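So this block is start_21.cif, mmCIF, C-alpha atoms and all ligand atoms:
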```cif
data_target
loop_
_atom_site.label_atom_id
_atom_site.label_comp_id
_atom_site.auth_asym_id
_atom_site.auth_seq_id
_atom_site.Cartn_x
_atom_site.Cartn_y
_atom_site.Cartn_z
CA MET A 164 -10.91 26.66 -25.11
CA THR A 165 -14.38 26.56 -26.67
CA PRO A 166 -17.05 24.69 -24.68
CA ALA A 167 -16.72 20.94 -25.21
CA HIS A 168 -19.55 18.73 -26.37
CA PRO A 169 -18.26 15.21 -25.77
CA GLU A 170 -21.73 13.74 -26.28
CA LYS A 171 -21.28 14.54 -30.01
CA TRP A 172 -17.72 13.24 -30.39
CA PRO A 173 -17.23 9.83 -32.02
CA VAL A 174 -15.96 7.02 -29.82
CA HIS A 175 -13.35 4.72 -31.38
CA ALA A 176 -13.59 1.12 -30.22
CA VAL A 177 -10.48 -1.07 -30.42
CA TYR A 178 -10.66 -4.80 -29.73
CA GLY A 179 -7.40 -6.47 -28.69
CA ALA A 180 -3.97 -4.80 -28.88
CA VAL A 181 -3.91 -1.03 -29.11
CA ASP A 182 -1.89 0.52 -31.98
CA GLN A 183 1.22 2.60 -31.39
CA GLN A 184 -0.46 5.97 -31.99
CA LEU A 185 -3.27 5.33 -29.51
CA LEU A 186 -0.80 3.87 -27.01
CA LYS A 187 1.28 7.04 -27.30
CA ASP A 188 -1.81 9.26 -26.88
CA CYS A 189 -2.95 7.21 -23.86
CA GLY A 190 0.58 7.46 -22.39
CA ASN A 191 0.58 11.26 -22.77
CA LEU A 192 -2.87 11.52 -21.23
CA LEU A 193 -1.84 9.33 -18.29
CA THR A 194 1.31 11.40 -17.68
CA ALA A 195 -0.77 14.59 -17.56
CA ALA A 196 -3.38 12.95 -15.32
CA GLU A 197 -0.76 11.60 -12.91
CA GLU A 198 0.93 14.99 -12.74
CA SER A 199 -2.38 16.58 -11.85
CA ASP A 200 -3.78 13.86 -9.54
CA GLY A 201 -0.58 12.52 -7.98
CA ASN A 202 -1.55 8.95 -8.78
CA PRO A 203 -1.99 6.82 -11.91
CA SER A 204 -5.47 6.64 -13.50
CA ILE A 205 -4.98 3.13 -14.87
CA SER A 206 -3.39 0.11 -13.25
CA GLU A 207 -0.01 -1.12 -14.43
CA GLN A 208 -1.45 -4.51 -15.41
CA THR A 209 -4.07 -2.89 -17.66
CA LEU A 210 -1.37 -0.93 -19.48
CA ILE A 211 0.58 -4.16 -19.97
CA SER A 212 -2.57 -5.80 -21.38
CA MET A 213 -3.24 -2.85 -23.71
CA ARG A 214 0.23 -3.27 -25.17
CA ALA A 215 0.07 -7.06 -25.36
CA GLY A 216 -3.55 -7.42 -26.56
CA ASP A 217 -5.74 -10.48 -26.07
CA SER A 218 -4.34 -13.59 -24.40
CA ALA A 219 -5.63 -17.03 -23.41
CA ASP A 220 -6.80 -15.49 -20.09
CA HIS A 221 -8.39 -12.24 -21.15
CA LYS A 222 -9.59 -10.01 -23.96
CA LEU A 223 -9.40 -6.29 -24.21
CA LEU A 224 -11.72 -3.51 -25.37
CA THR A 225 -10.47 0.08 -25.49
CA LEU A 226 -12.82 3.00 -26.13
CA ALA A 227 -11.07 6.24 -27.09
CA LEU A 228 -12.69 9.65 -27.21
CA TYR A 229 -10.82 12.22 -29.28
CA ALA A 230 -11.85 15.86 -29.08
CA PRO A 231 -12.32 17.39 -32.53
CA ASP A 232 -9.60 19.91 -33.45
CA GLU A 233 -11.60 23.01 -32.62
CA ASP A 234 -12.13 21.75 -29.09
CA SER A 235 -8.61 20.54 -28.39
CA ASP A 236 -6.37 22.42 -26.03
CA PRO A 237 -3.57 23.99 -28.09
CA SER A 238 -1.33 24.51 -25.05
CA SER A 239 -1.16 20.78 -24.29
CA GLY A 240 -1.11 19.52 -27.88
CA GLN A 241 -3.43 16.72 -26.68
CA ASP A 242 -6.66 15.80 -28.26
CA LEU A 243 -7.33 12.43 -26.65
CA ALA A 244 -9.90 13.61 -24.10
CA GLY A 245 -10.33 10.25 -22.40
CA PHE A 246 -10.35 6.51 -22.79
CA ALA A 247 -11.85 3.46 -21.14
CA ALA A 248 -10.08 0.10 -21.00
CA VAL A 249 -12.03 -3.09 -20.29
CA VAL A 250 -10.10 -6.25 -19.48
CA GLU A 251 -12.47 -9.21 -19.64
CA GLU A 252 -11.67 -12.66 -18.30
CA THR A 253 -12.70 -15.86 -20.07
CA ASP A 254 -15.64 -16.28 -17.64
CA GLY A 255 -17.16 -12.99 -18.82
CA THR A 256 -16.24 -11.00 -15.70
CA GLY A 257 -14.07 -7.97 -16.15
CA VAL A 258 -12.86 -4.62 -14.94
CA VAL A 259 -13.19 -1.22 -16.58
CA GLU A 260 -10.88 1.70 -15.88
CA ILE A 261 -11.38 5.21 -17.24
CA ALA A 262 -8.88 8.03 -17.63
CA VAL A 263 -9.83 11.61 -18.51
CA HIS A 264 -7.28 14.24 -19.51
CA PRO A 265 -7.12 17.03 -16.89
CA SER A 266 -8.03 19.61 -19.58
CA TYR A 267 -11.28 17.75 -20.28
CA ARG A 268 -12.52 17.07 -16.76
CA ASN A 269 -16.06 17.99 -15.66
CA GLN A 270 -17.35 18.10 -19.23
CA GLY A 271 -19.05 14.74 -19.49
CA VAL A 272 -16.15 12.78 -21.05
CA ALA A 273 -16.37 9.82 -18.64
CA ASP A 274 -20.16 9.82 -19.02
CA ARG A 275 -19.78 9.60 -22.80
CA LEU A 276 -17.34 6.70 -22.47
CA VAL A 277 -19.58 4.84 -20.03
CA GLY A 278 -22.55 5.36 -22.36
CA ALA A 279 -20.53 3.99 -25.29
CA LEU A 280 -19.52 1.01 -23.18
CA GLN A 281 -23.15 0.37 -22.30
CA ASP A 282 -24.08 0.45 -26.01
CA ARG A 283 -21.24 -1.74 -27.24
CA ARG A 284 -20.80 -4.30 -24.51
CA GLY A 285 -23.19 -3.61 -21.66
CA PHE A 286 -22.08 -3.81 -18.03
CA HIS A 287 -22.74 -7.50 -17.48
CA GLY A 288 -20.02 -8.98 -15.21
CA LEU A 289 -18.17 -5.66 -15.01
CA LYS A 290 -16.64 -3.90 -12.04
CA ALA A 291 -14.89 -0.53 -12.23
CA TRP A 292 -11.76 0.86 -10.60
CA SER A 293 -11.46 4.44 -9.51
CA HIS A 294 -7.77 5.09 -8.85
CA GLY A 295 -7.86 7.75 -6.16
CA ASN A 296 -11.18 8.18 -4.43
CA HIS A 297 -12.54 10.76 -6.89
CA GLU A 298 -15.91 12.32 -6.17
CA ALA A 299 -16.68 12.40 -9.90
CA ALA A 300 -16.15 8.63 -10.10
CA ALA A 301 -18.39 8.07 -7.07
CA ASP A 302 -21.15 10.16 -8.68
CA LEU A 303 -20.81 8.37 -12.01
CA ALA A 304 -20.87 4.95 -10.32
CA ALA A 305 -23.97 5.88 -8.31
CA ARG A 306 -25.79 6.99 -11.46
CA TYR A 307 -25.33 3.51 -12.92
CA GLY A 308 -26.30 1.72 -9.68
CA TYR A 309 -22.71 0.81 -8.75
CA VAL A 310 -21.50 0.82 -5.14
CA PRO A 311 -18.02 0.44 -3.55
CA VAL A 312 -17.08 -3.27 -3.28
CA ARG A 313 -13.35 -3.12 -2.57
CA GLU A 314 -10.84 -0.61 -1.19
CA LEU A 315 -7.19 -0.66 -2.12
CA TRP A 316 -5.26 1.54 0.26
CA LYS A 317 -2.20 3.48 -0.63
CA MET A 318 -0.01 3.75 2.48
CA ARG A 319 3.12 5.81 2.96
CA MET A 320 5.84 6.47 5.49
CA THR A 321 8.80 8.74 5.78
CA THR A 322 11.43 7.48 8.10
CA ALA A 323 15.10 7.56 8.96
CA ALA A 324 16.90 4.22 9.03
CA ALA A 325 17.13 4.45 12.84
CA ASP A 326 13.33 4.29 13.13
CA LEU A 327 13.06 0.84 11.60
CA PRO A 328 12.90 -2.08 14.03
CA ASP A 329 15.56 -4.75 13.96
CA ALA A 330 13.96 -7.67 12.20
CA ALA A 331 16.25 -10.67 11.95
CA MET A 332 15.67 -13.40 9.40
CA PRO A 333 14.28 -16.61 10.90
CA ASP A 334 16.99 -19.24 11.59
CA GLY A 335 18.31 -20.94 8.47
CA VAL A 336 16.83 -18.36 6.08
CA ALA A 337 19.06 -16.13 3.95
CA ILE A 338 18.39 -13.21 1.63
CA ARG A 339 19.75 -12.95 -1.89
CA THR A 340 18.70 -10.97 -4.95
CA PHE A 341 16.61 -12.25 -7.86
CA VAL A 342 18.65 -13.67 -10.74
CA PRO A 343 16.97 -13.06 -14.15
CA GLY A 344 16.95 -16.19 -16.28
CA GLN A 345 17.10 -18.41 -13.20
CA ASP A 346 14.44 -17.48 -10.63
CA GLU A 347 11.35 -16.73 -12.72
CA ASP A 348 9.56 -20.08 -12.33
CA ALA A 349 10.31 -20.41 -8.61
CA TRP A 350 9.14 -16.85 -8.02
CA LEU A 351 5.91 -17.39 -9.97
CA ALA A 352 5.17 -20.50 -7.89
CA ALA A 353 5.89 -18.71 -4.59
CA ASN A 354 3.80 -15.72 -5.71
CA ARG A 355 0.90 -18.01 -6.65
CA ALA A 356 1.06 -19.69 -3.24
CA ALA A 357 1.37 -16.47 -1.21
CA PHE A 358 -1.43 -14.72 -3.13
CA ALA A 359 -3.68 -17.73 -3.76
CA HIS A 360 -6.75 -15.72 -2.70
CA HIS A 361 -5.84 -12.44 -4.32
CA PRO A 362 -7.85 -11.51 -7.41
CA GLU A 363 -4.93 -10.15 -9.49
CA GLN A 364 -1.52 -10.78 -7.95
CA GLY A 365 -1.95 -14.55 -7.58
CA SER A 366 -2.68 -15.05 -11.26
CA LEU A 367 0.40 -13.27 -12.60
CA THR A 368 1.80 -15.19 -15.57
CA ARG A 369 5.27 -15.59 -17.01
CA ALA A 370 4.35 -13.05 -19.72
CA ASP A 371 3.25 -10.55 -17.03
CA LEU A 372 6.52 -11.07 -15.15
CA ASP A 373 8.59 -10.71 -18.34
CA ALA A 374 6.74 -7.48 -19.20
CA ARG A 375 7.59 -6.02 -15.78
CA MET A 376 11.22 -7.15 -16.06
CA ALA A 377 11.42 -5.36 -19.42
CA GLU A 378 10.37 -2.03 -17.85
CA SER A 379 13.05 0.61 -17.36
CA TRP A 380 12.47 0.67 -13.59
CA PHE A 381 13.22 -3.04 -13.14
CA ASP A 382 16.30 -3.59 -10.99
CA PRO A 383 17.12 -7.10 -9.71
CA ALA A 384 19.19 -5.51 -6.91
CA GLY A 385 15.88 -4.34 -5.40
CA PHE A 386 14.16 -7.71 -5.81
CA LEU A 387 14.97 -9.66 -2.64
CA LEU A 388 14.39 -13.39 -2.21
CA ALA A 389 14.39 -15.32 1.08
CA VAL A 390 15.64 -18.88 0.68
CA ASP A 391 16.11 -21.77 3.10
CA GLY A 392 19.21 -24.02 3.40
CA GLU A 393 18.12 -26.09 0.37
CA GLY A 394 17.64 -22.99 -1.75
CA GLN A 395 13.83 -23.25 -1.52
CA LEU A 396 12.13 -19.88 -2.03
CA LEU A 397 10.09 -18.96 1.07
CA GLY A 398 9.34 -15.31 0.46
CA TYR A 399 10.28 -12.20 -1.46
CA HIS A 400 10.19 -8.44 -1.40
CA TRP A 401 10.22 -6.71 -4.76
CA THR A 402 10.88 -2.96 -4.48
CA LYS A 403 10.38 -0.29 -7.09
CA VAL A 404 11.72 3.24 -7.45
CA HIS A 405 9.52 6.00 -8.85
CA PRO A 406 11.92 8.70 -10.02
CA ARG A 407 11.11 12.36 -9.46
CA HIS A 408 8.55 13.57 -12.02
CA GLY A 409 7.25 17.10 -12.31
CA SER A 410 6.56 18.41 -8.85
CA HIS A 411 6.46 14.91 -7.32
CA PRO A 412 9.69 13.86 -5.54
CA ALA A 413 11.20 10.40 -6.01
CA ILE A 414 9.60 7.73 -3.85
CA GLY A 415 10.29 4.07 -3.18
CA GLU A 416 7.58 1.43 -3.33
CA ILE A 417 7.04 -1.88 -1.60
CA TYR A 418 5.95 -3.27 -4.95
CA VAL A 419 5.05 -6.68 -3.63
CA VAL A 420 5.89 -8.69 -0.51
CA GLY A 421 4.88 -12.31 -0.17
CA VAL A 422 5.63 -15.22 2.13
CA THR A 423 4.61 -18.77 1.18
CA PRO A 424 1.84 -20.10 3.47
CA GLY A 425 4.07 -22.62 5.31
CA ALA A 426 6.56 -19.89 6.24
CA GLN A 427 4.04 -17.23 7.33
CA GLY A 428 3.88 -16.03 10.93
CA SER A 429 7.58 -16.70 11.65
CA GLY A 430 8.77 -13.10 11.30
CA LEU A 431 9.88 -13.55 7.69
CA GLY A 432 7.42 -11.02 6.23
CA LYS A 433 8.59 -8.36 8.66
CA ALA A 434 12.28 -9.13 8.07
CA LEU A 435 11.85 -9.01 4.28
CA THR A 436 9.84 -5.80 4.44
CA VAL A 437 12.45 -4.09 6.61
CA ALA A 438 15.31 -5.33 4.38
CA GLY A 439 13.60 -3.90 1.29
CA ILE A 440 12.95 -0.54 2.95
CA LYS A 441 16.62 -0.40 3.99
CA HIS A 442 17.61 -1.11 0.38
CA LEU A 443 15.45 1.86 -0.72
CA GLN A 444 16.93 4.08 2.01
CA ASP A 445 20.44 3.13 0.90
CA GLN A 446 19.53 4.70 -2.43
CA GLY A 447 18.53 7.94 -0.71
CA LEU A 448 14.78 7.23 -0.73
CA HIS A 449 13.26 8.06 2.63
CA ALA A 450 9.64 8.13 1.48
CA VAL A 451 8.16 4.72 0.80
CA MET A 452 4.65 3.84 -0.39
CA LEU A 453 2.67 0.68 -1.08
CA TYR A 454 -0.75 -0.58 -2.12
CA VAL A 455 -2.66 -3.01 0.08
CA ASP A 456 -6.23 -4.28 0.17
CA ALA A 457 -8.00 -2.70 3.15
CA ASP A 458 -9.22 -6.12 4.30
CA ASN A 459 -5.77 -7.77 4.22
CA ALA A 460 -5.47 -7.70 8.01
CA PRO A 461 -2.00 -9.34 8.38
CA ALA A 462 -0.42 -7.03 5.80
CA VAL A 463 -2.11 -3.85 7.10
CA ALA A 464 -1.03 -4.77 10.66
CA LEU A 465 2.55 -5.34 9.49
CA TYR A 466 2.71 -2.02 7.65
CA ARG A 467 1.12 -0.05 10.48
CA ARG A 468 3.63 -1.48 12.97
CA LEU A 469 6.42 -0.30 10.71
CA GLY A 470 4.99 3.24 10.69
CA PHE A 471 2.95 3.36 7.47
CA THR A 472 -0.26 5.38 7.49
CA ARG A 473 -3.08 5.55 4.96
CA TRP A 474 -2.47 8.18 2.29
CA ASP A 475 -5.12 7.60 -0.38
CA MET A 476 -7.26 4.79 -1.67
CA ASP A 477 -8.49 3.26 -4.91
CA VAL A 478 -12.12 2.19 -4.89
CA MET A 479 -13.59 -0.65 -6.89
CA TYR A 480 -17.27 -0.32 -7.76
CA GLY A 481 -19.65 -3.16 -8.54
CA PRO A 482 -23.38 -3.45 -9.18
CA ALA A 483 -25.46 -2.91 -6.03
CA ALA A 484 -27.24 -6.00 -4.66
CA GLY A 485 -26.09 -8.43 -7.34
C1 LIG B 501 1.57 -10.14 4.89
C2 LIG B 501 2.70 -11.18 4.96
C3 LIG B 501 3.80 -10.77 4.00
C4 LIG B 501 3.24 -11.13 6.40
O1 LIG B 501 4.30 -12.06 6.47
P1 LIG B 501 4.49 -13.05 7.74
O2 LIG B 501 5.81 -13.69 7.61
O3 LIG B 501 3.31 -13.93 7.83
O4 LIG B 501 4.44 -12.00 8.94
P2 LIG B 501 5.42 -11.92 10.20
O5 LIG B 501 5.46 -13.24 10.87
O6 LIG B 501 6.69 -11.32 9.79
O7 LIG B 501 4.63 -10.90 11.11
C5 LIG B 501 4.86 -9.51 10.96
C6 LIG B 501 3.68 -8.71 11.46
O8 LIG B 501 2.55 -8.98 10.64
C7 LIG B 501 1.37 -8.92 11.42
N1 LIG B 501 0.70 -10.19 11.21
C8 LIG B 501 1.20 -11.33 10.68
N2 LIG B 501 0.25 -12.27 10.58
C9 LIG B 501 -0.88 -11.72 11.05
C10 LIG B 501 -2.22 -12.16 11.18
N3 LIG B 501 -2.59 -13.39 10.80
N4 LIG B 501 -3.12 -11.30 11.69
C11 LIG B 501 -2.78 -10.06 12.06
N5 LIG B 501 -1.52 -9.57 11.95
C12 LIG B 501 -0.60 -10.39 11.46
C13 LIG B 501 1.78 -8.66 12.83
O9 LIG B 501 1.67 -7.27 13.03
C14 LIG B 501 3.23 -9.06 12.85
O10 LIG B 501 3.98 -8.23 13.67
P3 LIG B 501 4.34 -8.70 15.17
O11 LIG B 501 4.89 -10.09 15.06
O12 LIG B 501 5.34 -7.70 15.58
O13 LIG B 501 3.05 -8.65 15.90
C15 LIG B 501 2.17 -12.62 4.69
O14 LIG B 501 1.06 -12.85 5.50
C16 LIG B 501 1.79 -12.88 3.24
O15 LIG B 501 2.61 -13.22 2.42
N6 LIG B 501 0.50 -12.73 2.94
C17 LIG B 501 -0.01 -13.00 1.57
C18 LIG B 501 0.54 -12.02 0.58
C19 LIG B 501 0.21 -10.60 0.98
O16 LIG B 501 -0.92 -10.30 1.34
N7 LIG B 501 1.21 -9.70 0.89
C20 LIG B 501 1.06 -8.30 1.18
C21 LIG B 501 0.34 -7.65 0.06
S1 LIG B 501 0.48 -5.94 0.07
#
```
Kindly transcribe the structure held in the file into structure tokens.
Amino acid sequence: MTPAHPEKWPVHAVYGAVDQQLLKDCGNLLTAAEESDGNPSISEQTLISMRAGDSADHKLLTLALYAPDEDSDPSSGQDLAGFAAVVEETDGTGVVEIAVHPSYRNQGVADRLVGALQDRRGFHGLKAWSHGNHEAAADLAARYGYVPVRELWKMRMTTAAADLPDAAMPDGVAIRTFVPGQDEDAWLAANRAAFAHHPEQGSLTRADLDARMAESWFDPAGFLLAVDGEGQLLGYHWTKVHPRHGSHPAIGEIYVVGVTPGAQGSGLGKALTVAGIKHLQDQGLHAVMLYVDADNAPAVALYRRLGFTRWDMDVMYGPAAG
């Protein structure tokens, strides 16, 4: 490959929904990046927003940097070197995420994208996610006066069914699976209540839920609901299966666990978590991972007691000292 000069490449700016070609190029880039890094470069919700475009809650800006033909890597057939996605809320705050193709790392691609973002929008109100605690992202953030403001841990455990504690449901509470077409509104309300203080999960909308239910991985059999005698939803555990890809073996995920505030502290969170892990084990998945905010003490304590340990972390950067 000839030396790259990303500072000379044109940046394409797309406002709102991203067209099919760019979506496909971004998808290919993300697959290559995940294969190389072992974790996704962009959050699932950002990808959903890129497909859906602007909404009443947010608007989207995507900056794409294509390498000119002579610089592209013929073996990969890729020429999207990197892209930045900015999801901006109605109050002007937002989050930027950047993905760089593994063939174009360490050549100034992210720098070029950040510079283009500074020119077109500026950084006002913006924070940035680094998925995986990359040194290059830390350096880039520091150059622009950004410091770590939030840590999202990735935890993992490998266990045989016998290692899991017995965790009975509290009296009068039963588990059943999510029924599409019936449980959406109740689940959204319970999710809002359980995650009232969470910056992303608590504001999930019906459109966000529908988009996830339309994904190929969605399986209601792995979406457990805890209900009381009147059928009231008290908690849930939504699991996800990541099939084997490339050199990475299949792994189960505690996609989201929540207990409504009035039902917290009664053992329900533990019982739901254990039930979901058993469901994953029944499908032959003995490695299970999850994401959790480092400062979510109840959840981190619960996961540690079940045998999860920290595996990796995503770091959010924000401007230093206001
Ligand atoms: C995390 C959550 C699911 C736990 O559910 P819960 O029903 O309140 O928890 P349980 O009563 O089953 O307690 C299970 C374990 O959690 C830990 N825990 C629960 N509340 C805690 C608290 N306030 N502080 C510290 N640890 C706590 C304990 O380790 C406890 O185990 P122990 O009883 O053996 O000591 C619940 O607090 C919740 O829904 N929180 C908001 C949503 C959320 O953060 N979900 C996880 C995101 S990844």
field: Within-6 Å residues of ligand LIG 501 (chain B), basis only C-alpha atoms and all ligand atoms, as a VMD selection string
entry: chain A and resid 357 to 358 419 to 422 427 to 433 454 to 455 460 to 462 464 to 465
message: Between atom CA of Gly470 of chain A and atom CA of Ile414 of chain A, what is the distance in Å, rounded to a tenth?
response: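 The value is 15.9 Å.
Of the residues listed (A:Val259, A:Val249, A:Gln184, A:Pro311), A:Pro311 shows the shortest atom-to-atom separation from Ala484 of chain A; distances use only C-alpha atoms.
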query: Which distance in Å separates atom CA of Glu170 of chain A and atom CA of Pro231 of chain A, to one decimal?
result: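 Distance reported for this atom pair: 11.9 Å.
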Using only C-alpha atoms, find each residue in segment 295-356 of chain A having at least one atom no more than 8 Å away from segment 441-450 of chain A; report its shortest atom-to-atom pair and that distance in Å (one decimal), rows by chain then rising number, as a Markdown table.
```
| residue | atom | partner | partner_atom | distance |
| --- | --- | --- | --- | --- |
| A:Arg319 | CA | A:Ala450 | CA | 7.1 |
| A:Met320 | CA | A:Ala450 | CA | 5.8 |
| A:Thr321 | CA | A:Ala450 | CA | 4.4 |
| A:Thr322 | CA | A:His449 | CA | 5.8 |
| A:Ala323 | CA | A:His449 | CA | 6.6 |
| A:Ala324 | CA | A:Lys441 | CA | 6.8 |
```
From A:Met479, A:Ala426, A:Leu280, A:Ile417, residue lying nearest Tyr466 of chain A [only C-alpha atoms]: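 Checking each candidate against Tyr466 of chain A, we get A:Ile417 as the closest.
By only C-alpha atoms, and with residues fewer than 6 positions from Gly190 of chain A along its chain excluded, the set lying at most 12 Å from it is A:Val181, A:Gln183, A:Gln184, A:Ala196, A:Glu197, A:Pro203, A:Ser204, A:Ile205, A:Glu207, A:Leu210, A:Ile211, A:Met213, A:Arg214, A:Gln241, A:Leu243, A:Gly245, A:Phe246, A:Ala262, A:Val263, A:His264.
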Could the centre and edge lengths of an axis-aligned box, enclosing all atoms of segment 340-352 of chain A in the file with 5 Å extra on each side, be given in Å to one decimal as AutoDock Vina command-line options?
```
--center_x 11.9 --center_y -15.7 --center_z -10.6 --size_x 23.5 --size_y 19.5 --size_z 21.3
```
task: Taking (-1.0, -12.9, -4.7) in the file's own coordinates, collect the residues within 12 Å, counting only C-alpha atoms, and hand them back as a VMD selection string.
output: chain A and resid 350 to 368 398 to 399 418 to 424 455 to 456 459
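Interatomic distance, atom CA of Ala273 of chain A against atom CA of Val312 of chain A: 20.2 Å.
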task: Extract, using all atoms listed in the file, all DNA, RNA and protein residues at most 7 Å from His221 of chain A, discarding same-chain residues fewer than 3 positions from it, and format them as JSON, numbers by chain.
output: {"A": [217, 218, 250, 251, 252, 253]}
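Among the candidates A:Ala438, A:Val277, A:Pro406, A:Gly344, the residue lying nearest to Leu372 of chain A is A:Gly344 (atoms considered: all atoms listed in the file).
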Residue contacts of Met332 of chain A (7 Å, only C-alpha atoms) excluding same-chain residues fewer than 4 positions away, as a list in words: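 The filter keeps Val336, Ala337, Leu431 and Ala434 of chain A.
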Residue with smallest distance to Val437 of chain A - pool A:Lys403, A:His408, A:Asp326, A:Leu396, counting only C-alpha atoms: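 Smallest separation from Val437 of chain A among the options: A:Asp326.
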